[in-house]
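Here's the structure we're looking at; comments come further down.
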Amino acid sequence: MSTDDVAAIRSLTDAECWEFLEGARFGRLAVAPAGRIDLFPVNFVARDGRIVFRTAEGTKLLSLTVNTAVAVEADEVTGGQARSVVVHGTARALETSDEIEAAERLPLRPWIPTLKQIFVEVVPTELTGRAFALGPEPERW
């Protein structure tokens, strides 16, 4: 990797990752029940060191009960830059009335006209992020 390549990629601090996630609204949830990886688009809210999204009964929720280890990825491309943040963590459906009431106060609504009455939180075990300066591929020779 050349010094130009290194300058084009920068690791984000944890604080920068959370700042990005708190402004993001859309990402992908990766689950791996029974060793098969699945990806689901999700809209989410990042607050207080966790990620919360809504879902309904179905494949996504079943996957989370089989294997609670998940990853959430969010990215953006703006101007000449791109950022990507990946959160590895443990997912669980919120169950107590206090947890659900707190989640209902978040600015989190389904984007499509379906009922998604189950709130899921992801508590991070690892957080990584990178920023990229976009540009043309350099000359090889």
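Each chain in the structure tokens gets a letter, A, B, ..., in the order shown, and its residues are numbered from 1; ligands are numbered from 1 in order too.
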
Just asking: which residues within chain A are strand (DSSP E) according to DSSP, as a short mmCIF file (atom, residue, chain, number, x, y, z; two decimals) with N, CA, C and O atoms, in the first residue's frame?
data_model
loop_
_atom_site.label_atom_id
_atom_site.label_comp_id
_atom_site.auth_asym_id
_atom_site.auth_seq_id
_atom_site.Cartn_x
_atom_site.Cartn_y
_atom_site.Cartn_z
N ILE A 9 -7.33 6.84 3.28
CA ILE A 9 -8.14 6.07 4.21
C ILE A 9 -7.74 6.45 5.64
O ILE A 9 -6.55 6.44 5.97
N ARG A 10 -8.74 6.76 6.45
CA ARG A 10 -8.47 7.14 7.83
C ARG A 10 -9.42 6.39 8.75
O ARG A 10 -10.63 6.33 8.50
N SER A 11 -8.88 5.82 9.82
CA SER A 11 -9.73 5.18 10.82
C SER A 11 -10.45 6.24 11.63
O SER A 11 -9.86 7.28 11.97
N PHE A 26 -30.24 4.92 8.20
CA PHE A 26 -30.44 3.71 7.42
C PHE A 26 -29.14 2.91 7.39
O PHE A 26 -28.06 3.47 7.30
N GLY A 27 -29.28 1.59 7.48
CA GLY A 27 -28.10 0.73 7.42
C GLY A 27 -28.51 -0.69 7.08
O GLY A 27 -29.63 -0.95 6.62
N ARG A 28 -27.59 -1.60 7.32
CA ARG A 28 -27.83 -3.00 7.07
C ARG A 28 -27.53 -3.80 8.33
O ARG A 28 -26.53 -3.54 9.01
N LEU A 29 -28.40 -4.74 8.61
CA LEU A 29 -28.23 -5.65 9.74
C LEU A 29 -27.76 -6.99 9.20
O LEU A 29 -28.39 -7.55 8.31
N ALA A 30 -26.63 -7.47 9.70
CA ALA A 30 -26.11 -8.78 9.31
C ALA A 30 -26.34 -9.76 10.45
O ALA A 30 -26.00 -9.49 11.60
N VAL A 31 -26.96 -10.88 10.10
CA VAL A 31 -27.22 -11.95 11.06
C VAL A 31 -26.68 -13.25 10.48
O VAL A 31 -26.51 -13.37 9.27
N ASP A 38 -27.18 -13.51 6.52
CA ASP A 38 -28.26 -12.77 5.86
C ASP A 38 -28.08 -11.30 6.16
O ASP A 38 -27.60 -10.92 7.24
N LEU A 39 -28.48 -10.46 5.22
CA LEU A 39 -28.45 -9.01 5.39
C LEU A 39 -29.86 -8.46 5.23
O LEU A 39 -30.59 -8.88 4.33
N PHE A 40 -30.21 -7.52 6.11
CA PHE A 40 -31.52 -6.88 6.06
C PHE A 40 -31.34 -5.37 6.11
O PHE A 40 -30.58 -4.87 6.95
N PRO A 41 -32.02 -4.64 5.25
CA PRO A 41 -32.01 -3.18 5.40
C PRO A 41 -32.82 -2.79 6.63
O PRO A 41 -33.87 -3.39 6.89
N VAL A 42 -32.32 -1.84 7.40
CA VAL A 42 -33.05 -1.37 8.58
C VAL A 42 -32.89 0.14 8.72
O VAL A 42 -31.84 0.69 8.39
N ASN A 43 -33.95 0.79 9.16
CA ASN A 43 -33.78 2.16 9.64
C ASN A 43 -33.65 2.05 11.15
O ASN A 43 -34.25 1.18 11.78
N PHE A 44 -32.81 2.90 11.72
CA PHE A 44 -32.46 2.74 13.13
C PHE A 44 -32.22 4.11 13.76
O PHE A 44 -32.12 5.12 13.07
N VAL A 45 -32.09 4.07 15.07
CA VAL A 45 -31.67 5.23 15.84
C VAL A 45 -30.51 4.79 16.71
O VAL A 45 -30.58 3.73 17.36
N ALA A 46 -29.45 5.58 16.73
CA ALA A 46 -28.30 5.32 17.61
C ALA A 46 -28.35 6.34 18.75
O ALA A 46 -28.34 7.54 18.51
N ARG A 47 -28.47 5.84 19.97
CA ARG A 47 -28.54 6.71 21.15
C ARG A 47 -27.94 5.97 22.34
O ARG A 47 -28.11 4.76 22.48
N ARG A 50 -26.01 2.58 21.98
CA ARG A 50 -26.69 1.40 21.45
C ARG A 50 -27.44 1.77 20.18
O ARG A 50 -27.67 2.95 19.90
N ILE A 51 -27.86 0.76 19.44
CA ILE A 51 -28.64 0.95 18.22
C ILE A 51 -30.00 0.31 18.44
O ILE A 51 -30.08 -0.80 18.98
N VAL A 52 -31.05 1.01 18.05
CA VAL A 52 -32.42 0.49 18.20
C VAL A 52 -33.10 0.52 16.84
O VAL A 52 -33.00 1.51 16.12
N PHE A 53 -33.77 -0.58 16.51
CA PHE A 53 -34.60 -0.62 15.30
C PHE A 53 -35.89 -1.35 15.62
O PHE A 53 -36.01 -1.99 16.66
N ARG A 54 -36.84 -1.23 14.71
CA ARG A 54 -38.13 -1.90 14.87
C ARG A 54 -38.25 -3.01 13.85
O ARG A 54 -37.71 -2.93 12.74
N THR A 55 -38.99 -4.04 14.23
CA THR A 55 -39.22 -5.15 13.30
C THR A 55 -40.57 -5.79 13.63
O THR A 55 -41.24 -5.41 14.58
N ALA A 69 -25.61 -12.68 18.07
CA ALA A 69 -24.45 -11.94 17.57
C ALA A 69 -24.79 -11.36 16.19
O ALA A 69 -25.19 -12.10 15.28
N VAL A 70 -24.68 -10.03 16.05
CA VAL A 70 -25.06 -9.35 14.82
C VAL A 70 -24.01 -8.30 14.47
O VAL A 70 -23.13 -7.98 15.27
N ALA A 71 -24.17 -7.75 13.29
CA ALA A 71 -23.41 -6.56 12.89
C ALA A 71 -24.38 -5.59 12.24
O ALA A 71 -25.33 -6.00 11.56
N VAL A 72 -24.17 -4.31 12.48
CA VAL A 72 -24.93 -3.25 11.83
C VAL A 72 -23.93 -2.38 11.11
O VAL A 72 -22.91 -1.99 11.69
N GLU A 73 -24.21 -2.08 9.84
CA GLU A 73 -23.32 -1.25 9.03
C GLU A 73 -24.09 -0.09 8.48
O GLU A 73 -25.24 -0.24 8.05
N ALA A 74 -23.49 1.09 8.53
CA ALA A 74 -24.06 2.28 7.92
C ALA A 74 -22.95 2.99 7.17
O ALA A 74 -21.79 2.95 7.59
N ASP A 75 -23.30 3.60 6.05
CA ASP A 75 -22.29 4.32 5.29
C ASP A 75 -22.93 5.50 4.58
O ASP A 75 -24.15 5.64 4.55
N GLU A 76 -22.08 6.36 4.04
CA GLU A 76 -22.55 7.49 3.26
C GLU A 76 -21.45 7.91 2.29
O GLU A 76 -20.27 7.69 2.56
N VAL A 77 -21.87 8.48 1.19
CA VAL A 77 -20.96 9.08 0.23
C VAL A 77 -21.46 10.49 -0.01
O VAL A 77 -22.61 10.69 -0.41
N THR A 78 -20.62 11.47 0.30
CA THR A 78 -20.98 12.87 0.09
C THR A 78 -19.76 13.60 -0.45
O THR A 78 -18.65 13.44 0.06
N GLN A 81 -16.00 12.41 -0.35
CA GLN A 81 -15.69 11.56 0.80
C GLN A 81 -16.71 10.45 0.97
O GLN A 81 -17.84 10.58 0.53
N ALA A 82 -16.29 9.41 1.65
CA ALA A 82 -17.19 8.34 2.05
C ALA A 82 -16.84 7.95 3.48
O ALA A 82 -15.68 8.08 3.90
N ARG A 83 -17.84 7.51 4.23
CA ARG A 83 -17.62 7.00 5.58
C ARG A 83 -18.39 5.71 5.74
O ARG A 83 -19.48 5.56 5.18
N SER A 84 -17.83 4.81 6.51
CA SER A 84 -18.47 3.53 6.79
C SER A 84 -18.19 3.16 8.23
O SER A 84 -17.05 3.24 8.69
N VAL A 85 -19.25 2.76 8.95
CA VAL A 85 -19.11 2.34 10.34
C VAL A 85 -19.78 0.98 10.50
O VAL A 85 -20.88 0.76 10.00
N VAL A 86 -19.08 0.08 11.19
CA VAL A 86 -19.61 -1.25 11.48
C VAL A 86 -19.64 -1.45 12.99
O VAL A 86 -18.65 -1.20 13.68
N VAL A 87 -20.80 -1.88 13.47
CA VAL A 87 -20.99 -2.18 14.89
C VAL A 87 -21.22 -3.68 15.00
O VAL A 87 -22.18 -4.20 14.42
N HIS A 88 -20.35 -4.37 15.70
CA HIS A 88 -20.60 -5.77 16.06
C HIS A 88 -21.19 -5.74 17.46
O HIS A 88 -20.73 -4.97 18.31
N GLY A 89 -22.19 -6.59 17.70
CA GLY A 89 -22.78 -6.56 19.02
C GLY A 89 -23.76 -7.68 19.25
O GLY A 89 -23.86 -8.64 18.46
N THR A 90 -24.50 -7.54 20.32
CA THR A 90 -25.50 -8.51 20.73
C THR A 90 -26.88 -7.87 20.63
O THR A 90 -27.08 -6.76 21.13
N ALA A 91 -27.79 -8.56 19.97
CA ALA A 91 -29.14 -8.05 19.77
C ALA A 91 -30.12 -8.75 20.70
O ALA A 91 -29.97 -9.93 21.01
N ARG A 92 -31.12 -7.97 21.11
CA ARG A 92 -32.20 -8.56 21.90
C ARG A 92 -33.44 -7.72 21.72
O ARG A 92 -33.39 -6.50 21.57
N ALA A 93 -34.58 -8.39 21.74
CA ALA A 93 -35.86 -7.69 21.69
C ALA A 93 -36.12 -7.05 23.05
O ALA A 93 -35.88 -7.68 24.09
N ILE A 118 -42.14 -4.54 17.36
CA ILE A 118 -41.09 -5.12 18.20
C ILE A 118 -39.84 -4.24 18.08
O ILE A 118 -39.35 -4.00 16.98
N PHE A 119 -39.36 -3.75 19.22
CA PHE A 119 -38.13 -2.97 19.25
C PHE A 119 -36.97 -3.89 19.59
O PHE A 119 -37.06 -4.71 20.51
N VAL A 120 -35.88 -3.73 18.86
CA VAL A 120 -34.67 -4.53 19.08
C VAL A 120 -33.53 -3.57 19.35
O VAL A 120 -33.39 -2.55 18.66
N GLU A 121 -32.72 -3.88 20.35
CA GLU A 121 -31.53 -3.08 20.59
C GLU A 121 -30.29 -3.92 20.32
O GLU A 121 -30.29 -5.13 20.54
N VAL A 122 -29.28 -3.24 19.81
CA VAL A 122 -27.97 -3.86 19.60
C VAL A 122 -26.99 -3.16 20.54
O VAL A 122 -26.82 -1.94 20.46
N VAL A 123 -26.42 -3.93 21.45
CA VAL A 123 -25.41 -3.41 22.37
C VAL A 123 -24.05 -3.76 21.79
O VAL A 123 -23.75 -4.95 21.58
N PRO A 124 -23.23 -2.76 21.49
CA PRO A 124 -21.97 -3.01 20.81
C PRO A 124 -20.95 -3.78 21.65
O PRO A 124 -20.83 -3.57 22.86
N THR A 125 -20.23 -4.65 20.97
CA THR A 125 -19.04 -5.28 21.54
C THR A 125 -17.79 -4.80 20.81
O THR A 125 -16.69 -4.90 21.33
N GLU A 126 -17.98 -4.27 19.60
CA GLU A 126 -16.87 -3.73 18.81
C GLU A 126 -17.42 -2.68 17.86
O GLU A 126 -18.50 -2.83 17.30
N LEU A 127 -16.65 -1.63 17.67
CA LEU A 127 -17.05 -0.51 16.82
C LEU A 127 -15.86 -0.12 15.96
O LEU A 127 -14.77 0.13 16.47
N THR A 128 -16.05 -0.10 14.64
CA THR A 128 -14.98 0.32 13.73
C THR A 128 -15.56 1.24 12.67
O THR A 128 -16.72 1.10 12.28
N GLY A 129 -14.75 2.17 12.23
CA GLY A 129 -15.19 3.07 11.19
C GLY A 129 -14.00 3.58 10.39
O GLY A 129 -12.88 3.66 10.89
N ARG A 130 -14.29 3.91 9.14
CA ARG A 130 -13.25 4.46 8.27
C ARG A 130 -13.83 5.58 7.43
O ARG A 130 -15.01 5.56 7.08
N ALA A 131 -12.98 6.53 7.11
CA ALA A 131 -13.32 7.62 6.20
C ALA A 131 -12.40 7.49 4.99
O ALA A 131 -11.22 7.14 5.12
N PHE A 132 -12.96 7.75 3.82
CA PHE A 132 -12.22 7.59 2.57
C PHE A 132 -12.27 8.89 1.78
O PHE A 132 -13.34 9.48 1.62
N ALA A 133 -11.12 9.30 1.27
CA ALA A 133 -11.07 10.41 0.32
C ALA A 133 -11.22 9.78 -1.06
O ALA A 133 -10.40 8.94 -1.47
#

Identify, with DSSP run on backbone atoms, the residues in chain A assigned to alpha helix (DSSP H), and express the list as a VMD selection string. chain A and resid 3 to 8 14 to 23 59 to 66 97 to 104

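Of note, CA of Val66 in chain A and CA of Pro33 in chain A are spaced 5.7 Å apart.
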
For this session: Would you mind reading off the distance between CA of Gly35 in chain A and CA of Leu62 in chain A, one decimal, in Å?
Result: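 Computing it gives 13.9 Å between the two atoms.
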